[in-house]
Each structure stands twice: as C-alpha cells, then as structure tokens.
Amino acid sequence: MNDAPLSEVATRQEFLISTIAGLIAGCGHVAVGSASPIPGSAALLARARSGGAMRVSVLGSLRNNFFTDGGVELFDCAAQGRVDAFFLGGGQIDGEGNINLVGTGAYPSMEVRWPGSFGSAYLYFLVPRVILFREEHTRRVLVEKVDFVSAPGKSDPGVYRPGGPHALLTNLALFDFDRGRHRFRLRSVHPGHSVEEVLDNTGFTFERPQKVPQTPSPDPETLALIRGSVRDEIAEVYPRFAAAAFAPRG
Amino acid sequence: MSIEPLVKSYSALRHETLTRDRGLREKVMTLEDAAKLVHDGNHVAIGGCTVSRTPLAMIWALIRARKRDLVISRSITSTEGDLFFASGVSQHVITSWFTQGIVWGVSKVMRHHTENKLAKFEEWSHMSIGLRYRAGAMGIPFMPSRTMLGSDVGKRVGDEIKVMDCPFTGEKIVLLPALNPDVALIHVQRCDAYGNAQLDGLQFMDIDMAMAANKVILTTERIVSNDQIRRTPDRTRIPFFTVDAVVEAPFGCAPHECYGLYEPFFEHLDHYAKISSQDPVKGPQRYLDEFYYGPKSWPDYLAKLGMEALLDASRRGRSVHND
C-alpha cells in the first residue's frame, strides 16, 4: 500500500467528468464524438457505475468502438433510435440552446470563420439527451442569440425531433434545458464560484432557483474509479489528456 | 455562356455515360498526363476524408500545372484545401468541415481566405454532401433527407435545396440536389492497369463519387495484375469502366495517410501548421515553393519529406498487420 493519502480534491477535469457522468446515468447507449476526452471519460465512468449495463461508443477507440464505417454507423444508429446520449459544443451557444460552429458575423462573409457544422444538426435532432459541454464560460461563448444556427435548440411543431438539448455544463456551472420553454435553468454552481460570477459571464438570461445549490464534488469512491479504470481506458484514445488531467493515484 | 443547371438532366447524364469509352484498355499514365484531363473551371471531387487517403499526388500535379477556377468538393477538407486556396487553383471549396485536423486547431489559411472574401468556403452538412454524391451515383436528380432542416446551413445554401411535404407521411423533408462532378480524384491501395480498384479501410464517399463523376482519375500505391483483382472480385469497389486514368503514385497521400500502409507524417504536418499559422499568406507560399513547385518529380517530393519520416509513417501504418 502506498502511504500517501489519496487527494480528495478533484482536478477541474475530474470534477467535470463526474458531473457529466451524473447527467447520462441510466442511458442505454452513450456515444462520444471527436476531440472529447472529458465526455469520453464521463461515459466510461457512467458505464463502470452501471455494472456494464451501459454501452459506450468512443470515436477513435479500438476497444470501445467495435464496428465502424467512418462515422456512418453512428449517424445511422442515431436515426434508428439506438443512441441515447451525445455531446455537442459550440463557438457560441445561446439562451434557446442554438449552437454555432460556423463563425461570428454575417454569413458568408464572417468576421471569424470556424471549421464548420459537420453533422451537428442531425445528431441534435435525433439523440434524446444531448449534453452541451463547453469549458469556457464567457459572454463571447454564451450569447443571447448566436450569429449562425448550426443546429437549432428547438423546432417547429410537426417536425420529427426526438432529440435535443438536455443540459449545459461549463467550468462555472450546470444548467438544465427546459424543452417546454426552450430556455436554460441554472441547476447548480461549481465550488469556488458564485451565482454573480455566472450572471456576469453569461450573455443570455436564464431562470434560477432562489437558492442555487453547489454542484456536488465526486466522492472518494468515484474519484478512485476516475483515477483508476477510467484513466486507463481513456488513455487508449487520449494519451496526453490521460497523462495531464488526473491527480496522481493514491 | 449558358449557366449550367445545378442538377444535370437524366438524358445529359446518360449522354455522358454513353459517350464513354468502356473498352477494357490500359489507362496507365503519368501524373502530368492525368492532370491534362482536368480543365480550368471543372468541378473536382476529392476522395478520402480529412487526412485519410487524400489523393495528394494528383493534387500536387494539378497545383504544379497551375490549374485555375476549379470548384472543389470533399467530405471534410484538410491541408489540401489550404493549398488549393493559397495556390490560386481554386477559390471555391464545398465541404462540411474545413481545417487541417482537430489536433492542429482552426486553419489560419482557410480563415484568411474566407474572412477577407478572397475565396468561398461553401458549407453543407457532411451527410448532405454524401447524399448528393449518392444521388449522382444513382442517376436520380435528388435525395430526400431530414438533414439540415432547421439549421442555418440549409437556409443559407438557399435555392440549392428544396423543402417539401413528404407525400407519404406529410412531414417536411429536404431535397438535396444530385452532385455529378466533372472529375473525381481517388487514391487507392491497389488497382489493375484498367482501373479496377480495391480499397482497404474506410471507403468514405469514394464509391458514390466514382459512380457520379464524369471522369475518374485513380492514383494507386501499386498497380497489380488483372488476375489478382479477379481473385477477390468482392473487394473491387471501383469498376474500370468509370475510370479514365491510372497513375502509380507510391506514398501518394503523403504527408496524409493511407490505411494499412502509412499513417500521417505528424512532424511534417506540425511544421506546416506552424508556418501557416505564423503567416497565412507567406507560410503556405513558402511551403508550396519548397514542396510543390520545387521538386523535379514525385520521388523528389518524397525525398524532401525525408526517408526517416517515410519509414516512421510506414512502420506505424503497417503496425495494424503486426498481430
């Protein structure tokens, strides 16, 4: 046994992993796209807690992606209702859950051009529980109205849309998305941050309870899982992340 | 000059197909001769995806031949898109995602050209591009889809897509126009001299692209016998009668990857990302001078990439066969 006590303080990434795992608990199949080490780790944590009942597909993994057609299979599975949760981000995210992956300014002559929307709208429409995840929590990201709707947060009645935003997680706070009102509601603020800080750094209006709870920190058992099997498994796809994001093992 | 309709009529497509030479003849030629099959202003579809099986040897030849006004389409566009813009070969790229690759951040060259209105990055959703090639391959004028419905990507494409009520369910549905490129450039692991091609790894949109295009230029890691192709016909993905040119170009995707043979040349791509980020004009120009205009031949280009880099990329690429 190592005598050094296990750090009970989660790193920023461990905290986010634990929080996302809570948001996808109970899902049957969680899919994780590209450049997503934190959601990927969260999915692996949720699976570990599910006793193996959860299926996790991590893009780019050999071990956790047992068939591939270059992503076609992911989209087809989503259309057939075989994917329950997915993760999207955005250069801008607005108060109605619209996301922008295209750029700022008036399309097509943008002031800033990002790489593009890819298939975000498709999955946003079809995956029931889409977690919006963006670490940066500033007014340049969280805006009242996106400059370009890559994927809309809501659709007109009559449009086939089983999917959509479920929650928004940043470095400061966790929001739930109210699909009836198409607005975010602040669920909790992370330790070390305040509601005022969230208000100051959010460009859209949102509802909040009178007393806003603190986002729970991972318990020692969860931390041990994150630093154990989850770190080992995510290292297959994201070795540099696995080397940097986790506290030393106890 | 008449404006070409967005979607070619079935009779026009049939006419193009009917006038093709479908004889089983050898089509092996040089990169330079194959480049002559591409004309200024052509719509050129690029096979592979991001840094996978990019037909860079053929693109290298088109840039050296100083082609102009090509319209480029590809599923996802990486460094070749930067080089199309920077070389002046194309000012119009149709794609779903345009940057070197996730690990290198947003392409400064793409940003420079689009933000300063020097070139057009026409964005469609990934699936819509695939379905447009599919419709082209099937010889039908459009494909129905739900993709892009409700997204500004669809709205901003404008008249090029149509929304209608589905006659079966009454739902709103998007109609995506068929895309029949003038030329498709596709790199494969092996093919015979006639152009019967076998692909390992992911096929991306290449098969539909080959069937949809008016001409196909194949580059291949090696040319094998027709007997070998016939031994495993189930693995032949592109039939010879769609193909107009076969060019043997070993390491024809370098510094991108070709499944089972070599992985990306990461140090080289890091270097490109660095110089193109520092100066999105002079950086790619210097790169083009050194690696595109300067080399005497394709082997000379590979020599500039370096033997060590070639062997390292091969070792990683072939490692999938190690156990």
# chains A, B, ... in the order shown; residues from 1 in each chain; ligands from 1

$ select_by_dssp --residues "region 49-203 of chain B" --states "helix (DSSP H, G or I)" --output "ChimeraX atom specification"
/B:56-64,79-87,102-104,108-115,126-138,152-160

$ residues_around --residues "Gly47 (chain B)" --least-positions-apart "2" --cutoff "7 Å" --atoms "only C-alpha atoms" --output "PyMOL selection string"
chain B and resi 45+49+54-55+74+185-187+205-206

$ write_last_selection --atoms "all heavy atoms" --output "JSON list (two decimals), in the first residue's frame"
[["chain", "number", "residue", "atom", "x", "y", "z"],
["B", 45, "ALA", "N", -14.08, 16.54, -57.48],
["B", 45, "ALA", "CA", -14.39, 15.93, -56.18],
["B", 45, "ALA", "C", -13.14, 15.19, -55.69],
["B", 45, "ALA", "O", -12.44, 14.54, -56.48],
["B", 45, "ALA", "CB", -15.56, 14.97, -56.31],
["B", 49, "CYS", "N", -11.00, 11.42, -46.72],
["B", 49, "CYS", "CA", -11.64, 12.30, -45.74],
["B", 49, "CYS", "C", -10.58, 12.84, -44.79],
["B", 49, "CYS", "O", -9.79, 12.06, -44.25],
["B", 49, "CYS", "CB", -12.69, 11.51, -44.97],
["B", 49, "CYS", "SG", -13.66, 12.51, -43.85],
["B", 54, "THR", "N", -6.13, 10.97, -48.86],
["B", 54, "THR", "CA", -6.22, 12.18, -49.69],
["B", 54, "THR", "C", -5.37, 11.96, -50.95],
["B", 54, "THR", "O", -4.20, 11.57, -50.83],
["B", 54, "THR", "CB", -5.66, 13.39, -48.93],
["B", 54, "THR", "OG1", -6.25, 13.41, -47.62],
["B", 54, "THR", "CG2", -5.97, 14.70, -49.65],
["B", 55, "PRO", "N", -5.91, 12.20, -52.14],
["B", 55, "PRO", "CA", -5.13, 11.96, -53.37],
["B", 55, "PRO", "C", -4.13, 13.11, -53.59],
["B", 55, "PRO", "O", -4.23, 13.86, -54.57],
["B", 55, "PRO", "CB", -6.20, 11.91, -54.46],
["B", 55, "PRO", "CG", -7.32, 12.76, -53.93],
["B", 55, "PRO", "CD", -7.30, 12.60, -52.43],
["B", 74, "ARG", "N", -15.48, 18.00, -51.17],
["B", 74, "ARG", "CA", -14.93, 16.89, -50.40],
["B", 74, "ARG", "C", -15.72, 16.76, -49.10],
["B", 74, "ARG", "O", -16.24, 17.74, -48.59],
["B", 74, "ARG", "CB", -13.45, 17.15, -50.07],
["B", 74, "ARG", "CG", -12.75, 15.89, -49.61],
["B", 74, "ARG", "CD", -11.29, 16.08, -49.25],
["B", 74, "ARG", "NE", -10.68, 14.77, -49.06],
["B", 74, "ARG", "CZ", -9.63, 14.53, -48.28],
["B", 74, "ARG", "NH1", -9.04, 15.53, -47.63],
["B", 74, "ARG", "NH2", -9.15, 13.31, -48.14],
["B", 185, "LEU", "N", -11.03, 12.61, -58.05],
["B", 185, "LEU", "CA", -9.65, 12.14, -57.80],
["B", 185, "LEU", "C", -9.70, 11.20, -56.61],
["B", 185, "LEU", "O", -10.14, 11.59, -55.53],
["B", 185, "LEU", "CB", -8.73, 13.32, -57.45],
["B", 185, "LEU", "CG", -8.79, 14.59, -58.31],
["B", 185, "LEU", "CD1", -7.77, 15.61, -57.80],
["B", 185, "LEU", "CD2", -8.54, 14.26, -59.77],
["B", 186, "ILE", "N", -9.27, 9.96, -56.81],
["B", 186, "ILE", "CA", -9.38, 8.96, -55.75],
["B", 186, "ILE", "C", -8.08, 8.19, -55.65],
["B", 186, "ILE", "O", -7.53, 7.75, -56.67],
["B", 186, "ILE", "CB", -10.57, 7.99, -56.03],
["B", 186, "ILE", "CG1", -11.89, 8.78, -56.04],
["B", 186, "ILE", "CG2", -10.62, 6.87, -55.00],
["B", 186, "ILE", "CD1", -13.08, 8.00, -56.53],
["B", 187, "HIS", "N", -7.57, 8.07, -54.44],
["B", 187, "HIS", "CA", -6.35, 7.28, -54.23],
["B", 187, "HIS", "C", -6.72, 5.94, -53.60],
["B", 187, "HIS", "O", -7.52, 5.89, -52.68],
["B", 187, "HIS", "CB", -5.38, 8.03, -53.31],
["B", 187, "HIS", "CG", -4.06, 7.32, -53.18],
["B", 187, "HIS", "ND1", -3.08, 7.41, -54.14],
["B", 187, "HIS", "CD2", -3.57, 6.49, -52.23],
["B", 187, "HIS", "CE1", -2.02, 6.67, -53.78],
["B", 187, "HIS", "NE2", -2.30, 6.10, -52.62],
["B", 205, "MET", "N", -16.76, 8.53, -49.05],
["B", 205, "MET", "CA", -17.78, 8.74, -50.08],
["B", 205, "MET", "C", -17.28, 8.33, -51.46],
["B", 205, "MET", "O", -17.89, 8.66, -52.47],
["B", 205, "MET", "CB", -18.21, 10.21, -50.08],
["B", 205, "MET", "CG", -18.76, 10.68, -48.73],
["B", 205, "MET", "SD", -19.13, 12.45, -48.70],
["B", 205, "MET", "CE", -19.73, 12.62, -46.99],
["B", 206, "ASP", "N", -16.15, 7.61, -51.49],
["B", 206, "ASP", "CA", -15.43, 7.44, -52.75],
["B", 206, "ASP", "C", -16.17, 6.62, -53.80],
["B", 206, "ASP", "O", -16.05, 6.89, -55.00],
["B", 206, "ASP", "CB", -14.07, 6.78, -52.49],
["B", 206, "ASP", "CG", -13.15, 7.69, -51.69],
["B", 206, "ASP", "OD1", -13.63, 8.71, -51.18],
["B", 206, "ASP", "OD2", -11.96, 7.37, -51.58]]

$ residues_around --residues "Ala254 (chain B)" --least-positions-apart "6" --cutoff "8 Å" --atoms "only C-alpha atoms" --output "number ranges by chain"
B: 56-57, 264-265, 302

$ write_last_selection --atoms "C-alpha atoms" --output "mmCIF file, in the first residue's frame"
data_model
loop_
_atom_site.group_PDB
_atom_site.id
_atom_site.type_symbol
_atom_site.label_atom_id
_atom_site.label_comp_id
_atom_site.auth_asym_id
_atom_site.auth_seq_id
_atom_site.Cartn_x
_atom_site.Cartn_y
_atom_site.Cartn_z
ATOM 1 C CA LEU B 56 -2.276 14.386 -52.721
ATOM 2 C CA ALA B 57 -0.049 13.219 -55.582
ATOM 3 C CA PRO B 264 0.131 10.693 -41.170
ATOM 4 C CA PHE B 265 3.567 12.319 -41.151
ATOM 5 C CA LEU B 302 9.087 12.209 -51.256
#

$ closest_atom_pairs --of "chain A" --to "chain B" --cutoff "10 Å" --atoms "only C-alpha atoms" --output "JSON lines"
{"residue": "A:Ser34", "atom": "CA", "partner": "B:Ile102", "partner_atom": "CA", "distance": 8.1}
{"residue": "A:Ala35", "atom": "CA", "partner": "B:Ile102", "partner_atom": "CA", "distance": 6.9}
{"residue": "A:Thr68", "atom": "CA", "partner": "B:Leu202", "partner_atom": "CA", "distance": 8.4}
{"residue": "A:Asp69", "atom": "CA", "partner": "B:Leu202", "partner_atom": "CA", "distance": 6.2}
{"residue": "A:Gly70", "atom": "CA", "partner": "B:Leu202", "partner_atom": "CA", "distance": 6.1}
{"residue": "A:Gly71", "atom": "CA", "partner": "B:Phe204", "partner_atom": "CA", "distance": 9.2}
{"residue": "A:Val72", "atom": "CA", "partner": "B:Met127", "partner_atom": "CA", "distance": 8.7}
{"residue": "A:Phe75", "atom": "CA", "partner": "B:Met127", "partner_atom": "CA", "distance": 9.0}
{"residue": "A:Asn98", "atom": "CA", "partner": "B:Ser151", "partner_atom": "CA", "distance": 9.3}
{"residue": "A:Ile99", "atom": "CA", "partner": "B:Ser151", "partner_atom": "CA", "distance": 9.7}
{"residue": "A:Asn100", "atom": "CA", "partner": "B:Asp152", "partner_atom": "CA", "distance": 9.5}
{"residue": "A:Leu101", "atom": "CA", "partner": "B:Trp97", "partner_atom": "CA", "distance": 9.7}
{"residue": "A:Val102", "atom": "CA", "partner": "B:Glu123", "partner_atom": "CA", "distance": 8.8}
{"residue": "A:Gly103", "atom": "CA", "partner": "B:Glu115", "partner_atom": "CA", "distance": 9.9}
{"residue": "A:Gly105", "atom": "CA", "partner": "B:Glu115", "partner_atom": "CA", "distance": 9.8}
{"residue": "A:Tyr107", "atom": "CA", "partner": "B:Arg156", "partner_atom": "CA", "distance": 7.9}
{"residue": "A:Pro108", "atom": "CA", "partner": "B:Lys120", "partner_atom": "CA", "distance": 8.2}
{"residue": "A:Ser109", "atom": "CA", "partner": "B:Glu115", "partner_atom": "CA", "distance": 6.1}
{"residue": "A:Met110", "atom": "CA", "partner": "B:Glu115", "partner_atom": "CA", "distance": 5.5}
{"residue": "A:Glu111", "atom": "CA", "partner": "B:Glu115", "partner_atom": "CA", "distance": 5.7}
{"residue": "A:Val112", "atom": "CA", "partner": "B:Glu115", "partner_atom": "CA", "distance": 6.4}
{"residue": "A:Arg113", "atom": "CA", "partner": "B:Arg111", "partner_atom": "CA", "distance": 5.6}
{"residue": "A:Trp114", "atom": "CA", "partner": "B:Val106", "partner_atom": "CA", "distance": 6.5}
{"residue": "A:Pro115", "atom": "CA", "partner": "B:Phe98", "partner_atom": "CA", "distance": 4.8}
{"residue": "A:Gly116", "atom": "CA", "partner": "B:Trp97", "partner_atom": "CA", "distance": 4.7}
{"residue": "A:Ser117", "atom": "CA", "partner": "B:Ser125", "partner_atom": "CA", "distance": 6.6}
{"residue": "A:Phe118", "atom": "CA", "partner": "B:Ser96", "partner_atom": "CA", "distance": 4.9}
{"residue": "A:Gly119", "atom": "CA", "partner": "B:His126", "partner_atom": "CA", "distance": 5.7}
{"residue": "A:Ser120", "atom": "CA", "partner": "B:Ser125", "partner_atom": "CA", "distance": 8.3}
{"residue": "A:Ala121", "atom": "CA", "partner": "B:Met148", "partner_atom": "CA", "distance": 6.4}
{"residue": "A:Tyr122", "atom": "CA", "partner": "B:Thr147", "partner_atom": "CA", "distance": 5.6}
{"residue": "A:Leu123", "atom": "CA", "partner": "B:Thr147", "partner_atom": "CA", "distance": 9.4}
{"residue": "A:Phe125", "atom": "CA", "partner": "B:Thr147", "partner_atom": "CA", "distance": 9.1}
{"residue": "A:Asp147", "atom": "CA", "partner": "B:Asp152", "partner_atom": "CA", "distance": 9.9}
{"residue": "A:Phe148", "atom": "CA", "partner": "B:Asp152", "partner_atom": "CA", "distance": 6.4}
{"residue": "A:Val149", "atom": "CA", "partner": "B:Asp152", "partner_atom": "CA", "distance": 5.0}
{"residue": "A:Ser150", "atom": "CA", "partner": "B:Ser151", "partner_atom": "CA", "distance": 5.4}
{"residue": "A:Ala151", "atom": "CA", "partner": "B:Ser151", "partner_atom": "CA", "distance": 5.1}
{"residue": "A:Pro152", "atom": "CA", "partner": "B:Ser151", "partner_atom": "CA", "distance": 6.0}
{"residue": "A:Gly153", "atom": "CA", "partner": "B:Gly150", "partner_atom": "CA", "distance": 9.5}
{"residue": "A:Lys154", "atom": "CA", "partner": "B:Gly150", "partner_atom": "CA", "distance": 8.6}
{"residue": "A:Ser155", "atom": "CA", "partner": "B:Gly150", "partner_atom": "CA", "distance": 6.8}
{"residue": "A:Asp156", "atom": "CA", "partner": "B:Gly150", "partner_atom": "CA", "distance": 8.5}
{"residue": "A:Gly158", "atom": "CA", "partner": "B:Glu171", "partner_atom": "CA", "distance": 7.0}
{"residue": "A:Val159", "atom": "CA", "partner": "B:Glu171", "partner_atom": "CA", "distance": 6.8}
{"residue": "A:Tyr160", "atom": "CA", "partner": "B:Glu171", "partner_atom": "CA", "distance": 7.6}

$ residues_around --residues "Val56 (chain A)" --least-positions-apart "5" --cutoff "7 Å" --atoms "only C-alpha atoms" --output "PyMOL selection string"
chain A and resi 29-31+43-44+64

$ residues_around --residues "Ile238 (chain B)" --least-positions-apart "5" --cutoff "10 Å" --atoms "only C-alpha atoms" --output "list in words"
Ile186, Val188, Cys191, Gly195, Asn196, Ala197, Gln198, Leu199, Asp206, Ile207, Asp208, Met209, Ala210, Met211, Val216, Leu218 and Val243 of chain B

$ closest_residue --among "A:Leu16, A:Ala79, A:Ala21, A:Val143" --to "His190 (chain A)" --atoms "only C-alpha atoms"
A:Leu16

$ residues_around --residues "Leu172 (chain A)" --least-positions-apart "6" --cutoff "7 Å" --atoms "only C-alpha atoms" --output "PyMOL selection string"
chain A and resi 137+189-190+193+198

$ write_last_selection --atoms "N, CA, C and O atoms" --output "compact mmCIF listing (two decimals), in the first residue's frame"
# COMPACT_ATOMS: atom_id res chain seq x y z
N HIS A 137 -16.59 29.63 -20.02
CA HIS A 137 -17.87 30.24 -19.67
C HIS A 137 -17.68 31.76 -19.70
O HIS A 137 -17.27 32.37 -18.72
N VAL A 189 -24.03 25.76 -9.17
CA VAL A 189 -22.78 26.47 -9.46
C VAL A 189 -21.65 25.66 -8.84
O VAL A 189 -21.79 25.10 -7.75
N HIS A 190 -20.53 25.59 -9.57
CA HIS A 190 -19.43 24.75 -9.09
C HIS A 190 -18.76 25.37 -7.87
O HIS A 190 -18.74 26.60 -7.72
N HIS A 193 -17.14 29.09 -7.09
CA HIS A 193 -17.73 30.10 -7.98
C HIS A 193 -19.08 30.54 -7.42
O HIS A 193 -19.67 29.85 -6.59
N VAL A 198 -21.53 33.76 -12.44
CA VAL A 198 -22.24 33.14 -13.56
C VAL A 198 -23.05 34.19 -14.31
O VAL A 198 -23.02 34.26 -15.55

$ closest_residue --among "A:Glu96, A:Phe246, A:Val230, A:Glu14" --to "Phe206 (chain A)" --atoms "only C-alpha atoms"
A:Glu96

$ closest_residue --among "B:Asn42, B:Thr17, B:Ser9, B:Ser297" --to "His92 (chain B)" --atoms "only C-alpha atoms"
B:Asn42

$ select_by_dssp --residues "region 24-237 of chain A" --states "strand (DSSP E or B)" --output "PyMOL selection string"
chain A and resi 29-32+55-58+85-88+92-94+99-100+103-106+109-113+129-133+142-143+151+165-169+173-178+183-189+207+214

$ residues_around --residues "Thr220 (chain B)" --least-positions-apart "4" --cutoff "8 Å" --atoms "only C-alpha atoms" --output "tab-separated table (two decimals) with N, CA, C and O atoms, in the first residue's frame"
chain	number	residue	atom	x	y	z
B	187	HIS	N	-7.57	8.07	-54.44
B	187	HIS	CA	-6.35	7.28	-54.23
B	187	HIS	C	-6.72	5.94	-53.60
B	187	HIS	O	-7.52	5.89	-52.68
B	188	VAL	N	-6.11	4.86	-54.11
B	188	VAL	CA	-6.43	3.52	-53.62
B	188	VAL	C	-5.14	2.75	-53.31
B	188	VAL	O	-4.06	3.13	-53.73
B	189	GLN	N	-5.31	1.66	-52.54
B	189	GLN	CA	-4.14	0.84	-52.22
B	189	GLN	C	-3.64	0.08	-53.44
B	189	GLN	O	-2.46	-0.10	-53.61
B	190	ARG	N	-4.57	-0.41	-54.27
B	190	ARG	CA	-4.15	-1.16	-55.46
B	190	ARG	C	-5.27	-1.16	-56.51
B	190	ARG	O	-6.46	-1.12	-56.17
B	191	CYS	N	-4.83	-1.22	-57.75
B	191	CYS	CA	-5.78	-1.39	-58.85
B	191	CYS	C	-5.01	-2.00	-60.02
B	191	CYS	O	-3.78	-2.06	-60.00
B	246	VAL	N	-5.08	5.88	-64.69
B	246	VAL	CA	-4.49	5.15	-63.58
B	246	VAL	C	-3.04	5.61	-63.46
B	246	VAL	O	-2.28	5.54	-64.43
B	247	VAL	N	-2.70	6.13	-62.29
B	247	VAL	CA	-1.34	6.60	-62.09
B	247	VAL	C	-0.76	5.90	-60.87
B	247	VAL	O	-1.36	5.93	-59.78
B	248	GLU	N	0.38	5.23	-61.07
B	248	GLU	CA	1.02	4.62	-59.90
B	248	GLU	C	1.79	5.70	-59.16
B	248	GLU	O	2.71	6.32	-59.71
B	249	ALA	N	1.37	5.94	-57.91
B	249	ALA	CA	2.00	7.00	-57.12
B	249	ALA	C	2.22	6.47	-55.71
B	249	ALA	O	1.36	6.61	-54.83
B	250	PRO	N	3.36	5.80	-55.49
B	250	PRO	CA	3.62	5.30	-54.14
B	250	PRO	C	3.70	6.45	-53.15
B	250	PRO	O	4.16	7.53	-53.49
B	252	GLY	N	1.28	8.11	-52.28
B	252	GLY	CA	0.51	9.14	-52.99
B	252	GLY	C	-0.35	10.01	-52.10
B	252	GLY	O	-0.98	10.95	-52.58

$ closest_residue --among "A:Gly97, A:Gly52, A:Gly180, A:Gly33" --to "Thr205 (chain A)" --atoms "only C-alpha atoms"
A:Gly97
